[in-house]
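Everything below concerns the one structure shown next.
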Amino acid sequence: MNNQYNLLIEFVKGLADHAKNNVPKSFSAKENNELVSEVDSYIESKLRTFIETNFPNEKIWGEENGGEEGGWLIDPIDGTRHYLFGIPLSSISLVRIQNDESVFAIVANIMTNEIFVAEKGKGAKLISESSVNDLKFNQEVPVNETIVSWDHVMKDSSEAEWAAKCYQRSLETFSRTRMLGSGALSLCYLGRNYFQIFIKSIRKTKEKADIFGGLLIAQEAGATFEIVRYQEMDFYLVGTSNAIDTVKSRVLI
């Protein structure tokens, strides 16, 4: 891993510590009813400055302030509600895109000091306070022992109805289902074998900022990735090959 990436990892560690120690008491709601705080804006601003200095002339898109697509994608806090209410499932997530491919990613759990990193073709790692460990995803888990992680927000009653049917099919097919409320961390924890398949609906570009980093980490850990079209929406399926085939034949039908 090159020196610029190592510097960025240390910089993100510092931002995660700042967020952990400065949880705001006030926040506001955006148009989509998601929450935003001063810490979201602070982290995005700091990351923009770092990238502009160390990776000059590269495009930057951030969840809070937009920008140009095709370079870096930043989600300063994925799981802001969790962060504000003390649930330890929120993260700083960023990914570098080159030639339409994710080439480097960092996902940092703000509350637990876990840093997940991946570089395309070089594997994925978990950096904790005391160690650095390779992530190795297990493709050999039987379908009836598979744990499913969902990440989907319903936009209306009709979508809620068919989503409920999909959840029911999952319960009938797999061992357990989970919904952590953080797509980035869900994918990282899949890489740690906490789940065997991750299912997420994608509607717009901003939702890619909170998934592409974790997606690269899961893939570099050894997970399979496929996109399936269902109900006029793209679903990202990440996990074991057997589980993905089962989702296509029994869940998203």
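Chain labels follow the order of the structure tokens: the first chain is A, the next B, and so on; residue numbering restarts at 1 in every chain, and ligands are counted from 1 in their shown order.
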Can I get the residues of range 150-222 of chain A within 12 Å of range 104-122 of chain A, each with the closest pair of atoms and their distance in Å to one decimal, using only C-alpha atoms, sorted chain first then ascending number, as a Markdown table?
```
| residue | atom | partner | partner_atom | distance |
| --- | --- | --- | --- | --- |
| A:Ser182 | CA | A:Asn109 | CA | 10.2 |
| A:Gly183 | CA | A:Val107 | CA | 10.5 |
| A:Ala184 | CA | A:Val107 | CA | 6.8 |
| A:Leu185 | CA | A:Val107 | CA | 7.2 |
| A:Ser186 | CA | A:Val107 | CA | 10.6 |
| A:Leu187 | CA | A:Val107 | CA | 9.8 |
| A:Cys188 | CA | A:Phe116 | CA | 6.9 |
| A:Tyr189 | CA | A:Phe116 | CA | 9.5 |
| A:Leu190 | CA | A:Phe116 | CA | 11.7 |
| A:Gly191 | CA | A:Phe116 | CA | 9.7 |
| A:Arg192 | CA | A:Phe116 | CA | 10.2 |
| A:Ala209 | CA | A:Ala105 | CA | 10.9 |
| A:Asp210 | CA | A:Val107 | CA | 9.4 |
| A:Ile211 | CA | A:Val107 | CA | 9.9 |
| A:Phe212 | CA | A:Ala105 | CA | 8.0 |
| A:Gly213 | CA | A:Ala105 | CA | 4.8 |
| A:Gly214 | CA | A:Val107 | CA | 6.7 |
| A:Leu215 | CA | A:Ala105 | CA | 8.9 |
| A:Leu216 | CA | A:Ala118 | CA | 6.6 |
| A:Ile217 | CA | A:Ala118 | CA | 5.1 |
| A:Ala218 | CA | A:Ala118 | CA | 8.7 |
| A:Gln219 | CA | A:Lys120 | CA | 8.9 |
| A:Glu220 | CA | A:Ala118 | CA | 6.6 |
| A:Ala221 | CA | A:Ala118 | CA | 8.5 |
| A:Gly222 | CA | A:Gly121 | CA | 10.8 |
```
task = Step one, run DSSP on the backbone; step two, keep only residues of range 103-248 of chain A assigned to strand (DSSP E); then write them as a PyMOL selection string.
result = chain A and resi 103-109+115-119+124-127+132-134+147-151+176-178+197-202+224-230+233-239
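For Arg169 in chain A, the list of residues within 12 Å, based on only C-alpha atoms and with local chain neighbours fewer than 6 positions off taken out, reads Val148, Trp162, Ala163, Ser175, Arg176, Thr177, Thr246, Val247, Lys248, Ser249, Arg250, Val251, Leu252 and Ile253 of chain A.
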task = Please indicate the distance in Å from CA of Pro88 in chain A to CA of Lys136 in chain A, rounded to one decimal place.
result =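 CA of Lys136 in chain A lies 23.3 Å from CA of Pro88 in chain A.
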message = Considering only C-alpha atoms, can you say which of A:Val36, A:Leu8, A:Ile197, A:Ile60 comes closest to Asn138 in chain A?
response =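 Smallest separation from Asn138 in chain A among the options: A:Ile197.
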key: For CA of His18 in chain A and CA of Gly86 in chain A, the interatomic separation in Å (one decimal)   = 14.6 Å
query = Out of A:Asn54, A:Asn242, A:Asn99, A:Ser41, which residue has the shortest atom-to-atom distance to Gly66 in chain A when counting only C-alpha atoms?
reply = A:Ser41
Distance criterion (only C-alpha atoms): nearest to Phe27 in chain A out of A:Tyr167, A:Tyr83, A:Phe225, A:Phe137 =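 Of the candidates, the smallest distance to Phe27 in chain A is held by A:Tyr83.
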key: helix (DSSP H, G or I) call set, DSSP backbone run, range 11-229 of chain A, as JSON, numbers by chain   = {"A": [11, 12, 13, 14, 15, 16, 17, 18, 19, 20, 21, 38, 39, 40, 41, 42, 43, 44, 45, 46, 47, 48, 49, 50, 51, 52, 53, 54, 80, 81, 82, 83, 84, 143, 144, 145, 157, 158, 159, 160, 161, 162, 163, 164, 165, 166, 167, 168, 169, 170, 171, 172, 173, 183, 184, 185, 186, 187, 188, 189, 190, 191, 206, 207, 208, 209, 212, 213, 214, 215, 216, 217, 218, 219, 220, 221]}
Output C-alpha atoms for every residue in the selection just made, as a PDB file, in the first residue's frame.
```
ATOM      1  CA  PHE A  11      -6.161  10.704   8.878  1.00  0.00           C
ATOM      2  CA  VAL A  12      -9.469   8.797   8.906  1.00  0.00           C
ATOM      3  CA  LYS A  13      -8.534   7.268  12.273  1.00  0.00           C
ATOM      4  CA  GLY A  14      -8.164  10.785  13.635  1.00  0.00           C
ATOM      5  CA  LEU A  15     -11.525  11.849  12.194  1.00  0.00           C
ATOM      6  CA  ALA A  16     -13.206   8.785  13.715  1.00  0.00           C
ATOM      7  CA  ASP A  17     -11.731   9.658  17.120  1.00  0.00           C
ATOM      8  CA  HIS A  18     -12.965  13.238  16.726  1.00  0.00           C
ATOM      9  CA  ALA A  19     -16.470  12.038  15.907  1.00  0.00           C
ATOM     10  CA  LYS A  20     -16.487   9.570  18.803  1.00  0.00           C
ATOM     11  CA  ASN A  21     -15.470  12.245  21.288  1.00  0.00           C
ATOM     12  CA  GLU A  38     -22.211  19.490  12.281  1.00  0.00           C
ATOM     13  CA  VAL A  39     -19.872  16.499  12.570  1.00  0.00           C
ATOM     14  CA  ASP A  40     -21.035  15.121   9.198  1.00  0.00           C
ATOM     15  CA  SER A  41     -20.122  18.440   7.578  1.00  0.00           C
ATOM     16  CA  TYR A  42     -16.826  18.685   9.490  1.00  0.00           C
ATOM     17  CA  ILE A  43     -15.653  15.223   8.410  1.00  0.00           C
ATOM     18  CA  GLU A  44     -16.588  15.753   4.774  1.00  0.00           C
ATOM     19  CA  SER A  45     -14.811  19.118   4.694  1.00  0.00           C
ATOM     20  CA  LYS A  46     -11.637  17.659   6.213  1.00  0.00           C
ATOM     21  CA  LEU A  47     -11.619  14.721   3.801  1.00  0.00           C
ATOM     22  CA  ARG A  48     -12.116  17.023   0.822  1.00  0.00           C
ATOM     23  CA  THR A  49      -9.141  19.122   1.888  1.00  0.00           C
ATOM     24  CA  PHE A  50      -6.951  16.041   2.405  1.00  0.00           C
ATOM     25  CA  ILE A  51      -7.859  14.592  -1.001  1.00  0.00           C
ATOM     26  CA  GLU A  52      -7.378  17.906  -2.802  1.00  0.00           C
ATOM     27  CA  THR A  53      -3.901  18.194  -1.245  1.00  0.00           C
ATOM     28  CA  ASN A  54      -2.704  14.613  -1.668  1.00  0.00           C
ATOM     29  CA  THR A  80     -26.009   9.155  11.371  1.00  0.00           C
ATOM     30  CA  ARG A  81     -29.037   8.196  13.486  1.00  0.00           C
ATOM     31  CA  HIS A  82     -27.033   5.414  15.113  1.00  0.00           C
ATOM     32  CA  TYR A  83     -24.161   7.809  15.716  1.00  0.00           C
ATOM     33  CA  LEU A  84     -26.327  10.483  17.315  1.00  0.00           C
ATOM     34  CA  VAL A 143     -27.797 -22.211   2.354  1.00  0.00           C
ATOM     35  CA  ASN A 144     -29.762 -23.418   5.395  1.00  0.00           C
ATOM     36  CA  GLU A 145     -27.060 -21.918   7.655  1.00  0.00           C
ATOM     37  CA  SER A 157     -46.822   1.515   0.782  1.00  0.00           C
ATOM     38  CA  SER A 158     -46.699  -0.568  -2.416  1.00  0.00           C
ATOM     39  CA  GLU A 159     -42.948  -0.996  -2.103  1.00  0.00           C
ATOM     40  CA  ALA A 160     -43.326  -1.876   1.575  1.00  0.00           C
ATOM     41  CA  GLU A 161     -45.791  -4.614   0.591  1.00  0.00           C
ATOM     42  CA  TRP A 162     -43.492  -6.367  -1.867  1.00  0.00           C
ATOM     43  CA  ALA A 163     -40.482  -5.841   0.402  1.00  0.00           C
ATOM     44  CA  ALA A 164     -42.381  -7.608   3.197  1.00  0.00           C
ATOM     45  CA  LYS A 165     -42.970 -10.550   0.853  1.00  0.00           C
ATOM     46  CA  CYS A 166     -39.245 -10.680   0.088  1.00  0.00           C
ATOM     47  CA  TYR A 167     -38.415 -10.682   3.800  1.00  0.00           C
ATOM     48  CA  GLN A 168     -40.874 -13.513   4.364  1.00  0.00           C
ATOM     49  CA  ARG A 169     -39.253 -15.552   1.595  1.00  0.00           C
ATOM     50  CA  SER A 170     -35.858 -14.903   3.179  1.00  0.00           C
ATOM     51  CA  LEU A 171     -37.097 -16.143   6.550  1.00  0.00           C
ATOM     52  CA  GLU A 172     -38.480 -19.265   4.904  1.00  0.00           C
ATOM     53  CA  THR A 173     -35.248 -19.926   2.986  1.00  0.00           C
ATOM     54  CA  GLY A 183     -24.643  -0.563   4.411  1.00  0.00           C
ATOM     55  CA  ALA A 184     -20.902   0.097   4.616  1.00  0.00           C
ATOM     56  CA  LEU A 185     -20.435  -1.745   7.908  1.00  0.00           C
ATOM     57  CA  SER A 186     -22.769  -4.565   6.872  1.00  0.00           C
ATOM     58  CA  LEU A 187     -20.487  -5.311   3.910  1.00  0.00           C
ATOM     59  CA  CYS A 188     -17.372  -5.135   6.080  1.00  0.00           C
ATOM     60  CA  TYR A 189     -18.921  -7.514   8.593  1.00  0.00           C
ATOM     61  CA  LEU A 190     -19.868  -9.831   5.748  1.00  0.00           C
ATOM     62  CA  GLY A 191     -16.147  -9.893   4.974  1.00  0.00           C
ATOM     63  CA  LYS A 206     -25.787   9.108  -3.356  1.00  0.00           C
ATOM     64  CA  GLU A 207     -26.613   5.619  -2.115  1.00  0.00           C
ATOM     65  CA  LYS A 208     -23.466   4.390  -3.840  1.00  0.00           C
ATOM     66  CA  ALA A 209     -21.355   6.530  -1.519  1.00  0.00           C
ATOM     67  CA  PHE A 212     -19.022   1.145  -2.810  1.00  0.00           C
ATOM     68  CA  GLY A 213     -16.365   1.305  -0.093  1.00  0.00           C
ATOM     69  CA  GLY A 214     -17.777  -1.660   1.774  1.00  0.00           C
ATOM     70  CA  LEU A 215     -18.405  -3.466  -1.505  1.00  0.00           C
ATOM     71  CA  LEU A 216     -14.729  -3.333  -2.486  1.00  0.00           C
ATOM     72  CA  ILE A 217     -13.774  -4.582   0.981  1.00  0.00           C
ATOM     73  CA  ALA A 218     -16.208  -7.511   0.763  1.00  0.00           C
ATOM     74  CA  GLN A 219     -15.049  -8.434  -2.754  1.00  0.00           C
ATOM     75  CA  GLU A 220     -11.378  -8.245  -1.840  1.00  0.00           C
ATOM     76  CA  ALA A 221     -12.154 -10.504   1.141  1.00  0.00           C
TER      77      ALA A 221
END
```
Ile202 in chain A environment, 12 Å, only C-alpha atoms, sequence neighbours closer than 2 positions dropped, as a PDB file with N, CA and C atoms, in the first residue's frame:
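Result went into selection-v1.pdb, see below:
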```
ATOM      1  N   ASP A 151     -30.431  -4.215   3.507  1.00  0.00           N
ATOM      2  CA  ASP A 151     -30.312  -2.764   3.638  1.00  0.00           C
ATOM      3  C   ASP A 151     -31.268  -2.140   2.633  1.00  0.00           C
ATOM      4  N   HIS A 152     -32.475  -1.857   3.083  1.00  0.00           N
ATOM      5  CA  HIS A 152     -33.504  -1.355   2.169  1.00  0.00           C
ATOM      6  C   HIS A 152     -34.453  -0.449   2.922  1.00  0.00           C
ATOM      7  N   VAL A 153     -34.748   0.727   2.366  1.00  0.00           N
ATOM      8  CA  VAL A 153     -35.704   1.665   2.949  1.00  0.00           C
ATOM      9  C   VAL A 153     -36.881   1.802   1.992  1.00  0.00           C
ATOM     10  N   MET A 154     -38.075   1.528   2.474  1.00  0.00           N
ATOM     11  CA  MET A 154     -39.263   1.598   1.629  1.00  0.00           C
ATOM     12  C   MET A 154     -39.683   3.048   1.390  1.00  0.00           C
ATOM     13  N   GLY A 183     -25.050   0.296   5.525  1.00  0.00           N
ATOM     14  CA  GLY A 183     -24.643  -0.563   4.411  1.00  0.00           C
ATOM     15  C   GLY A 183     -23.148  -0.806   4.388  1.00  0.00           C
ATOM     16  N   ILE A 199     -28.046  -7.894   0.887  1.00  0.00           N
ATOM     17  CA  ILE A 199     -28.987  -7.483  -0.141  1.00  0.00           C
ATOM     18  C   ILE A 199     -29.299  -6.003   0.051  1.00  0.00           C
ATOM     19  N   LYS A 200     -29.086  -5.201  -0.989  1.00  0.00           N
ATOM     20  CA  LYS A 200     -29.380  -3.769  -0.895  1.00  0.00           C
ATOM     21  C   LYS A 200     -29.998  -3.274  -2.195  1.00  0.00           C
ATOM     22  N   LYS A 204     -30.274   5.684  -6.406  1.00  0.00           N
ATOM     23  CA  LYS A 204     -29.627   6.887  -6.926  1.00  0.00           C
ATOM     24  C   LYS A 204     -28.157   6.909  -6.523  1.00  0.00           C
ATOM     25  N   THR A 205     -27.422   7.863  -7.116  1.00  0.00           N
ATOM     26  CA  THR A 205     -25.973   7.906  -6.947  1.00  0.00           C
ATOM     27  C   THR A 205     -25.560   8.023  -5.500  1.00  0.00           C
ATOM     28  N   LYS A 206     -26.235   8.867  -4.726  1.00  0.00           N
ATOM     29  CA  LYS A 206     -25.787   9.108  -3.356  1.00  0.00           C
ATOM     30  C   LYS A 206     -25.738   7.821  -2.540  1.00  0.00           C
ATOM     31  N   GLU A 207     -26.628   6.863  -2.861  1.00  0.00           N
ATOM     32  CA  GLU A 207     -26.613   5.619  -2.115  1.00  0.00           C
ATOM     33  C   GLU A 207     -25.371   4.794  -2.420  1.00  0.00           C
ATOM     34  N   LYS A 208     -24.695   5.099  -3.528  1.00  0.00           N
ATOM     35  CA  LYS A 208     -23.466   4.390  -3.840  1.00  0.00           C
ATOM     36  C   LYS A 208     -22.319   4.826  -2.933  1.00  0.00           C
ATOM     37  N   ALA A 209     -22.411   6.050  -2.402  1.00  0.00           N
ATOM     38  CA  ALA A 209     -21.355   6.530  -1.519  1.00  0.00           C
ATOM     39  C   ALA A 209     -21.282   5.711  -0.243  1.00  0.00           C
ATOM     40  N   ASP A 210     -22.414   5.156   0.203  1.00  0.00           N
ATOM     41  CA  ASP A 210     -22.385   4.388   1.439  1.00  0.00           C
ATOM     42  C   ASP A 210     -22.287   2.879   1.187  1.00  0.00           C
ATOM     43  N   ILE A 211     -22.066   2.486  -0.069  1.00  0.00           N
ATOM     44  CA  ILE A 211     -21.926   1.052  -0.338  1.00  0.00           C
ATOM     45  C   ILE A 211     -20.646   0.686  -1.074  1.00  0.00           C
ATOM     46  N   PHE A 212     -20.149   1.546  -1.970  1.00  0.00           N
ATOM     47  CA  PHE A 212     -19.022   1.145  -2.810  1.00  0.00           C
ATOM     48  C   PHE A 212     -17.749   0.856  -2.016  1.00  0.00           C
ATOM     49  N   ILE A 227     -25.545  -7.896  -9.650  1.00  0.00           N
ATOM     50  CA  ILE A 227     -26.670  -6.958  -9.660  1.00  0.00           C
ATOM     51  C   ILE A 227     -27.875  -7.645 -10.289  1.00  0.00           C
ATOM     52  N   VAL A 228     -29.024  -7.542  -9.626  1.00  0.00           N
ATOM     53  CA  VAL A 228     -30.262  -8.141 -10.126  1.00  0.00           C
ATOM     54  C   VAL A 228     -31.325  -7.052 -10.210  1.00  0.00           C
ATOM     55  N   ARG A 229     -32.070  -7.030 -11.313  1.00  0.00           N
ATOM     56  CA  ARG A 229     -33.156  -6.069 -11.497  1.00  0.00           C
ATOM     57  C   ARG A 229     -34.447  -6.678 -10.978  1.00  0.00           C
ATOM     58  N   TYR A 230     -35.124  -5.967 -10.061  1.00  0.00           N
ATOM     59  CA  TYR A 230     -36.369  -6.462  -9.489  1.00  0.00           C
ATOM     60  C   TYR A 230     -37.254  -5.277  -9.136  1.00  0.00           C
ATOM     61  N   GLN A 231     -38.524  -5.320  -9.545  1.00  0.00           N
ATOM     62  CA  GLN A 231     -39.467  -4.239  -9.254  1.00  0.00           C
ATOM     63  C   GLN A 231     -38.911  -2.865  -9.662  1.00  0.00           C
ATOM     64  N   GLU A 232     -38.323  -2.805 -10.856  1.00  0.00           N
ATOM     65  CA  GLU A 232     -37.779  -1.573 -11.432  1.00  0.00           C
ATOM     66  C   GLU A 232     -36.676  -0.953 -10.573  1.00  0.00           C
ATOM     67  N   MET A 233     -35.966  -1.784  -9.853  1.00  0.00           N
ATOM     68  CA  MET A 233     -34.895  -1.304  -8.991  1.00  0.00           C
ATOM     69  C   MET A 233     -33.723  -2.280  -9.061  1.00  0.00           C
ATOM     70  N   ASP A 234     -32.495  -1.754  -8.996  1.00  0.00           N
ATOM     71  CA  ASP A 234     -31.319  -2.612  -8.944  1.00  0.00           C
ATOM     72  C   ASP A 234     -31.090  -3.089  -7.516  1.00  0.00           C
ATOM     73  N   PHE A 235     -30.855  -4.383  -7.375  1.00  0.00           N
ATOM     74  CA  PHE A 235     -30.495  -4.951  -6.083  1.00  0.00           C
ATOM     75  C   PHE A 235     -29.061  -5.468  -6.155  1.00  0.00           C
ATOM     76  N   TYR A 236     -28.253  -5.055  -5.206  1.00  0.00           N
ATOM     77  CA  TYR A 236     -26.882  -5.533  -5.108  1.00  0.00           C
ATOM     78  C   TYR A 236     -26.884  -6.762  -4.208  1.00  0.00           C
ATOM     79  N   LEU A 237     -26.399  -7.866  -4.735  1.00  0.00           N
ATOM     80  CA  LEU A 237     -26.278  -9.112  -3.980  1.00  0.00           C
ATOM     81  C   LEU A 237     -24.792  -9.408  -3.792  1.00  0.00           C
TER      82      LEU A 237
END
```
